[in-house]
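Okay, so here's the structure we're looking at.
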Amino acid sequence: MDVLDLARLQFAVVTIYHYLFVPLSISLAGAAAGLHLAWLRTHQDRFLQLTKLVGKLLIVTFAVGVVTGLVQEFQFGMGWSNFARFYGDVFGPTLAVEGMLAFFLEATFLALWHFGWDRLPPRVHAATIVLVAAGTVLSAFVILAGNSFMQNPVAYALDPATGRARLTSFTDLMLNKVNLAAFPHTMSAAAMAGGALLLAIGARRLAATRAANRGGDSAAWPAYRTLARLGAWMTAIGGALTAITGDHLGKVITQVQPMKMAAAEALYRTTSGAPFSVFAIGDPSGGRPFFSVEIPWLLSLLAKGSPTATVQGIDDLQAQYAAQFGPGGYAPMIPVAFWSFRLMIGVGMLALLVAAAYLWTTRRGRTPRRSLVRLLPLLPFLPAAANTLGWIFTETARQPWIAFGIAKTADAVSPGLTAAEVTASLLGFALVYGVLAVVWLRLVRHLVRQPLAAPDTASLPSPDPAPVY
Amino acid sequence: MITLWYALVVLCWVLYFVLDGFDFGVGLLASLVGRDDRERGAAVSTVGPFWDGNEVWLVAAIGATFAAFPGWYAALLSALYLPLVAILLLLAVRGVALEFRGKHDGTRWRRGWEVALAASSAGTVALWGAVLATMVRGLALGADGSVAGNGLARSVAPMLTVESAVGAMVALCAAALLGATFLSLRTSGPVRERARRVALWTSFAAAVLSVPSVLIGGLGWVAAVVCLVVGVLAWARREALAFGTVAAGVAAAVVAVFTAHPDVVLRSTLHPAWSLTMSNAAAGDSALRLITTVGVVVLPGVLAYQAFSYWVFRRRVASGRIPS
């Protein structure tokens with residue numbers, strides 16, 4: 001592989017890895033804030049026990065998110081210095097504003113919350129976790145505006161003397177129509193990630209404590225049941241919203257990057273009343289598939305909102321872009337786009353169905369089937385996979401562009417960078433990140449299996465106020 | 001306008017190196033001043049509520065550098081590619097070591113993270129020192145603002161200089177002093193006493209080490225005087241004053257690094273005309289205005305709530321009980 005491919009692979013690896021933890025942090029912060037407020041209002045022990053459990057999960061997840069997120073702040077300069085040099089004026093402020101507005105809020109108030117149980121007045125203490133949750137949402141909005149600039153460049157003017165982009169309006173940059181569509185989609189998908197984790201933990205612990213008590217109720221029963229139901233609702237509602245917002249995002253992307261949606265469907269020829277193929281086996285280099293299962297008119301409906309609308313095909317778009325931007329290939333890797341798009345939807349919907357099944361089988365205090373509970377530990381992997389596939393689709397199907405229509409990925413890589421350097425750094429990241437993943441999983445398993453704080457002591461301040469670590 | 005934003009960028013870097021500097025120092029010394037699991041736990045928990053907020057100053061600093069001086073960000077980060085990758089990986093280990101250490105009961109688990117914490121803190125500090133020294137010395141920037149070269153040597157070679165070695169040494173001394181004075185300020189009992197002794201010995205050793213630079217001339221004598229003052233303050237048990245003096249000394253040193261070459265943000269060792277200056281590396285007016293507004297409006301608020309956090313956790317950490 002040459003330096004460009006290596007640099008792209010590294011960007012994909014470190015960013016996807018980072019994004020396994022981000023949606024968890026966002027939704028766990030929201031869940032912890034909600035549970036904390038519920039405890040403050042009702043003073044029910046189960047809410048306090050769950051606040052503490054979710055808080056611990058949040059702390060260890062947030063830590064991995066922070067240290068892998070730092071890499072994101074640097075890698076635009078390290079690996080992609082020409083992008084930084086020419087578009088940093090527009091892209092850089094999103095990183096700076098995210099850090100100053102959101103990260104300080106998250107980091108400082110998460111520590112105040114974590115160590116502040118017996119140091120802060122109850123209301124002030126509850127406010128700290130609400131601020132953390134607000135910080136995660138704010139951070140997502142600002143950084144998605146950065147990504148949206150790459151999908152649909154707005155709010156810039158090219159300086160004719162230097163060829164560099166100049167920011168024209170920060171408000172326009174933030175309110176990019178792609179961001180307004182991508183932000184709700186990303187946030188609902190994040191809710192699914194944390195929800196699935198909480199559902200898996202709650203349901204499994206419920207079964208384990210029941211087994212330990214020979215089928216009888218234990219003191220931890222109400223808390224774990226609440227946790228599982230909360231996780232299931234987060235996954236189900238998040239899933240429904242992800243579908244609705246995804247539909248809207250697809251229509252916006254069809255306007256700004258028709259090639260991406262044509263690639264998602266492997267639609268080579270411009271078609272009216274285009275069908276959506278659920279499954280297809282074909283020649284990846286083009287042409288009609290050998291075999292496919294199609295739903296008539298669905299693609300036109302998804303892309304344009306009308307069953308008979310015309311959807312542009314890859315071949316026409318290629319010809320159009322070659323005329324507009326000069327000779328070159330303007331189609332992304334079609335099989336990657338086709339399958340990542342489908343699998344994202346399929347895997348996400350499967351998670352939604354499992355959560356809905358759990359809600360149905362546990363309605364009015366019923367006990368769920370054992371077979372369902374046995375499978376639930378696998379559930380958190382579904383939203384994680386769907387989130388990953390979504391980003392793989394979004395980023396690879398924009399290629400060859402780094403910023404659509406204005407800058408190509410091949411021109412963005414750092415001029416002096418060598419393949420040896422990227423190989424070395426990629427190995428370093430793979431090693432450290434691999435170890436981190438194993439340790440994180442082990443730690444989450446350990447934290448989850450610990451008994452919940454005893455109800456009678458959990459609400460009392462610990463006798464010693466030293467921050468223990 | 002550009003000078004104002006340069007000042008804001010430097011302020012972020014200064015705050016980062018001072019604040020995360022004492023976290024590094026504590027990480028470095030926790031296993032030295034803590035003789036058993038509880039004492040080491042107490043030492044680590046002095047920075048527990050703070051380290052993450054402190055590290056965000058690095059995000060703010062690099063983000064501000066990117067937004068206001070994209071040319072500088074692009075040139076520096078791509079030229080020092082591998083050293084920065086190493087710093088990021090060490091920071092990752094350091095961060096999770098701090099967060100994960102107390103989350104499990106096994107003694108081996110804790111000991112393992114303590115060793116990882118000490119090693120990653122030392123490595124990060126040494127590399128930052130070397131990077132800052134390399135920034136002062138300058139890089140082989142070509143006309144396009146990038147460093148050319150072959151293989152791994154491209155971004156490693158600029159660091160293999162006497163200046164880098166001195167920078168790493170100075171940074172390690174500074175972090176140890178920050179950590180020791182912070183620990184003696186925030187702990188009690190034997191940990192506090194050992195931290196005081198570390199501060200004492202480090203400051204006198206650092207003063208002796210800076211003697212050669214006094215002979216060469218330059219600012220070495222200032223460092224020597226600061227070290228002696230810190231030593232005397234530590235000896236006299238003026239803990240807050242000792243910590244404040246080290247912090248001020250580190251802040252002054254970082255400012256000196258960033259203002260070593262007037263108007264030049266990154267010196268080219270190949271040709272003076274290829275150096276990056278404040279004006280040719282800066283972003284456009286609109287981006288600068290935005291960042292200045294955000295900086296002036298948001299940063300005071302950040303400083304206020306971080307100060308609140310330091311106030312909430314102002315009490316000394318005792319080591320007499322088992323950390324959970």
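So you can find residues: chains in the structure tokens are A, B, ... in the order shown, residues in each start at 1, and ligands are numbered from 1 in order.
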
Closest contacts (chain A/chain B, max 7 Å, only C-alpha atoms) as a Markdown table:
| residue | atom | partner | partner_atom | distance |
| --- | --- | --- | --- | --- |
| A:Val60 | CA | B:Glu99 | CA | 6.6 |
| A:Ala63 | CA | B:Val96 | CA | 6.1 |
| A:Val64 | CA | B:Val96 | CA | 6.6 |
| A:Val67 | CA | B:Ala92 | CA | 4.7 |
| A:Thr68 | CA | B:Ala92 | CA | 6.8 |
| A:Leu70 | CA | B:Val59 | CA | 6.8 |
| A:Val71 | CA | B:Leu88 | CA | 6.3 |
| A:Glu73 | CA | B:Val59 | CA | 6.8 |
| A:Gly77 | CA | B:Ala74 | CA | 4.4 |
| A:Met78 | CA | B:Ser78 | CA | 4.0 |
| A:Gly79 | CA | B:Ser78 | CA | 6.3 |
| A:Ser81 | CA | B:Ala74 | CA | 4.5 |
| A:Ala84 | CA | B:Ala74 | CA | 5.7 |
| A:Arg85 | CA | B:Gly71 | CA | 5.1 |
| A:Gly88 | CA | B:Pro70 | CA | 5.2 |
| A:Asp89 | CA | B:Ala283 | CA | 5.3 |
| A:Gly92 | CA | B:Ala67 | CA | 4.1 |
| A:Pro93 | CA | B:Ala67 | CA | 4.7 |
| A:Leu95 | CA | B:Gly63 | CA | 5.3 |
| A:Ala96 | CA | B:Gly63 | CA | 4.0 |
| A:Gly99 | CA | B:Ala60 | CA | 5.3 |
| A:Met100 | CA | B:Ala60 | CA | 5.8 |
| A:Leu101 | CA | B:Val298 | CA | 6.8 |
| A:Phe103 | CA | B:Val56 | CA | 6.5 |
| A:Phe104 | CA | B:Gly53 | CA | 6.0 |
| A:Ala107 | CA | B:Gly53 | CA | 4.9 |
| A:Thr108 | CA | B:Gly53 | CA | 5.0 |
| A:Ala111 | CA | B:Pro49 | CA | 4.8 |
| A:Leu112 | CA | B:Ser309 | CA | 6.4 |
| A:Phe115 | CA | B:Pro49 | CA | 6.7 |
| A:Arg119 | CA | B:Val312 | CA | 6.9 |
| A:Arg166 | CA | B:Gly284 | CA | 5.8 |
| A:Leu167 | CA | B:Ala287 | CA | 5.8 |
| A:Thr168 | CA | B:Ser286 | CA | 6.2 |
| A:Ser414 | CA | B:Ser78 | CA | 6.3 |
| A:Pro415 | CA | B:Ser146 | CA | 6.6 |
| A:Gly416 | CA | B:Ala148 | CA | 4.7 |
| A:Thr418 | CA | B:Gly151 | CA | 5.6 |
| A:Ala420 | CA | B:Gly151 | CA | 5.1 |
| A:Glu421 | CA | B:Leu152 | CA | 5.1 |
| A:Ser425 | CA | B:Val85 | CA | 6.5 |
| A:Ala466 | CA | B:Val317 | CA | 5.9 |
| A:Pro467 | CA | B:Ser45 | CA | 6.7 |
| A:Val468 | CA | B:Pro323 | CA | 5.0 |
| A:Tyr469 | CA | B:Gly102 | CA | 4.8 |

Selection above as a file: N, CA and C atoms, as a tab-separated table (two decimals), in the first residue's frame:
chain	number	residue	atom	x	y	z
A	60	VAL	N	-15.54	4.94	32.91
A	60	VAL	CA	-14.51	4.17	32.20
A	60	VAL	C	-14.65	4.31	30.69
A	63	ALA	N	-13.34	7.77	29.66
A	63	ALA	CA	-11.88	7.83	29.68
A	63	ALA	C	-11.29	7.35	28.36
A	64	VAL	N	-11.80	6.22	27.86
A	64	VAL	CA	-11.29	5.72	26.58
A	64	VAL	C	-11.65	6.68	25.45
A	67	VAL	N	-9.13	9.74	25.58
A	67	VAL	CA	-7.76	9.54	25.11
A	67	VAL	C	-7.70	9.20	23.62
A	68	THR	N	-8.76	8.55	23.10
A	68	THR	CA	-8.74	8.27	21.66
A	68	THR	C	-9.25	9.48	20.87
A	70	LEU	N	-8.39	12.55	21.59
A	70	LEU	CA	-7.25	13.45	21.47
A	70	LEU	C	-6.51	13.22	20.15
A	71	VAL	N	-6.47	11.96	19.74
A	71	VAL	CA	-5.82	11.61	18.47
A	71	VAL	C	-6.51	12.34	17.32
A	73	GLU	N	-7.87	15.22	17.33
A	73	GLU	CA	-7.48	16.64	17.30
A	73	GLU	C	-6.16	16.83	16.56
A	77	GLY	N	-3.55	17.40	11.30
A	77	GLY	CA	-2.25	18.03	11.03
A	77	GLY	C	-1.18	17.01	10.72
A	78	MET	N	-1.22	15.87	11.42
A	78	MET	CA	-0.16	14.89	11.26
A	78	MET	C	-0.25	14.19	9.91
A	79	GLY	N	-1.43	13.67	9.59
A	79	GLY	CA	-1.56	12.87	8.38
A	79	GLY	C	-2.12	13.62	7.19
A	81	SER	N	-2.02	17.19	6.42
A	81	SER	CA	-1.64	18.60	6.64
A	81	SER	C	-2.08	19.50	5.48
A	84	ALA	N	-5.48	20.48	6.33
A	84	ALA	CA	-5.42	21.46	7.41
A	84	ALA	C	-4.97	22.82	6.89
A	85	ARG	N	-3.98	22.79	5.99
A	85	ARG	CA	-3.41	24.05	5.49
A	85	ARG	C	-4.44	24.81	4.65
A	88	GLY	N	-8.21	24.50	6.92
A	88	GLY	CA	-8.16	24.64	8.37
A	88	GLY	C	-8.91	25.86	8.87
A	89	ASP	N	-8.93	26.89	8.03
A	89	ASP	CA	-9.64	28.12	8.36
A	89	ASP	C	-11.12	27.87	8.66
A	92	GLY	N	-10.90	24.04	11.22
A	92	GLY	CA	-10.24	24.21	12.52
A	92	GLY	C	-11.15	24.76	13.60
A	93	PRO	N	-11.93	25.84	13.30
A	93	PRO	CA	-12.80	26.39	14.34
A	93	PRO	C	-13.77	25.38	14.95
A	95	LEU	N	-13.11	22.28	15.67
A	95	LEU	CA	-12.37	21.58	16.71
A	95	LEU	C	-12.13	22.49	17.91
A	96	ALA	N	-11.76	23.76	17.63
A	96	ALA	CA	-11.46	24.68	18.72
A	96	ALA	C	-12.71	24.96	19.55
A	99	GLY	N	-13.80	21.99	21.67
A	99	GLY	CA	-12.96	21.85	22.86
A	99	GLY	C	-13.33	22.85	23.94
A	100	MET	N	-13.42	24.13	23.53
A	100	MET	CA	-13.62	25.18	24.54
A	100	MET	C	-15.04	25.18	25.10
A	101	LEU	N	-16.01	24.91	24.22
A	101	LEU	CA	-17.40	25.02	24.65
A	101	LEU	C	-17.87	23.74	25.34
A	103	PHE	N	-15.84	20.28	25.67
A	103	PHE	CA	-14.98	19.32	26.38
A	103	PHE	C	-14.67	19.77	27.80
A	104	PHE	N	-14.44	21.08	27.98
A	104	PHE	CA	-14.16	21.55	29.34
A	104	PHE	C	-15.35	21.27	30.24
A	107	ALA	N	-15.50	17.37	30.91
A	107	ALA	CA	-14.43	16.83	31.75
A	107	ALA	C	-14.53	17.37	33.17
A	108	THR	N	-14.70	18.70	33.31
A	108	THR	CA	-14.70	19.29	34.64
A	108	THR	C	-15.91	18.84	35.45
A	111	ALA	N	-15.95	15.12	36.58
A	111	ALA	CA	-15.13	14.91	37.78
A	111	ALA	C	-15.85	15.44	39.01
A	112	LEU	N	-16.47	16.61	38.89
A	112	LEU	CA	-17.21	17.17	40.03
A	112	LEU	C	-18.34	16.23	40.45
A	115	PHE	N	-16.74	12.74	41.98
A	115	PHE	CA	-16.12	12.86	43.30
A	115	PHE	C	-16.94	13.73	44.25
A	119	ARG	N	-19.81	16.24	48.66
A	119	ARG	CA	-19.18	17.55	48.79
A	119	ARG	C	-20.10	18.67	48.31
A	166	ARG	N	-11.51	30.40	3.08
A	166	ARG	CA	-11.67	31.33	4.21
A	166	ARG	C	-13.09	31.17	4.75
A	167	LEU	N	-13.21	31.11	6.06
A	167	LEU	CA	-14.53	31.01	6.68
A	167	LEU	C	-15.31	32.29	6.43
A	168	THR	N	-16.58	32.17	6.02
A	168	THR	CA	-17.37	33.39	5.82
A	168	THR	C	-18.40	33.58	6.93
A	414	SER	N	-0.45	14.61	4.04
A	414	SER	CA	0.73	15.43	4.35
A	414	SER	C	1.83	15.20	3.33
A	415	PRO	N	2.40	16.29	2.77
A	415	PRO	CA	3.35	16.14	1.66
A	415	PRO	C	4.58	15.28	2.00
A	416	GLY	N	5.17	15.45	3.16
A	416	GLY	CA	6.41	14.72	3.42
A	416	GLY	C	6.22	13.33	3.99
A	418	THR	N	5.82	9.60	5.07
A	418	THR	CA	6.31	8.39	4.41
A	418	THR	C	5.49	7.18	4.85
A	420	ALA	N	6.58	4.33	5.73
A	420	ALA	CA	7.18	3.70	6.91
A	420	ALA	C	6.64	4.33	8.19
A	421	GLU	N	6.51	5.66	8.18
A	421	GLU	CA	5.99	6.34	9.37
A	421	GLU	C	4.56	5.91	9.67
A	425	SER	N	3.10	3.99	12.96
A	425	SER	CA	2.07	4.55	13.84
A	425	SER	C	0.83	3.67	13.86
A	466	ALA	N	-12.96	11.60	51.96
A	466	ALA	CA	-11.82	11.66	51.06
A	466	ALA	C	-12.20	11.10	49.68
A	467	PRO	N	-11.76	11.76	48.62
A	467	PRO	CA	-12.06	11.21	47.30
A	467	PRO	C	-11.25	9.93	47.12
A	468	VAL	N	-11.92	8.83	46.96
A	468	VAL	CA	-11.20	7.58	46.81
A	468	VAL	C	-11.07	7.27	45.35
A	469	TYR	N	-10.00	6.64	44.98
A	469	TYR	CA	-9.72	6.44	43.57
A	469	TYR	C	-9.27	5.04	43.31

12 Å contact set for segment 163-171 of chain B, only C-alpha atoms, chain neighbours under 6 positions out, as number ranges by chain: B: 17-18, 21-22, 24-25, 83, 121-138, 156-157, 177-179, 202-203, 205-207, 209-210, 212-213, 220, 223-224, 227, 249-250, 253-254, 257

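If only C-alpha atoms are the atoms counted, then among B:Leu139, B:Leu32, B:Arg237, B:Trp5 the closest residue to Val115 of chain B is B:Leu32.
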
Pick from B:Pro262, B:Thr245, B:Leu160, B:Asp23, whichever lies nearest to Val232 of chain B using only C-alpha atoms: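 The closest residue to Val232 of chain B is B:Thr245.
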
Shell of 9 Å around segment 261-277 of chain A, only C-alpha atoms, local chain residues under 6 positions omitted, as a ChimeraX atom specification: /A:250-251,253-254,284,286-288,292-303,306-317,331-342,393,397
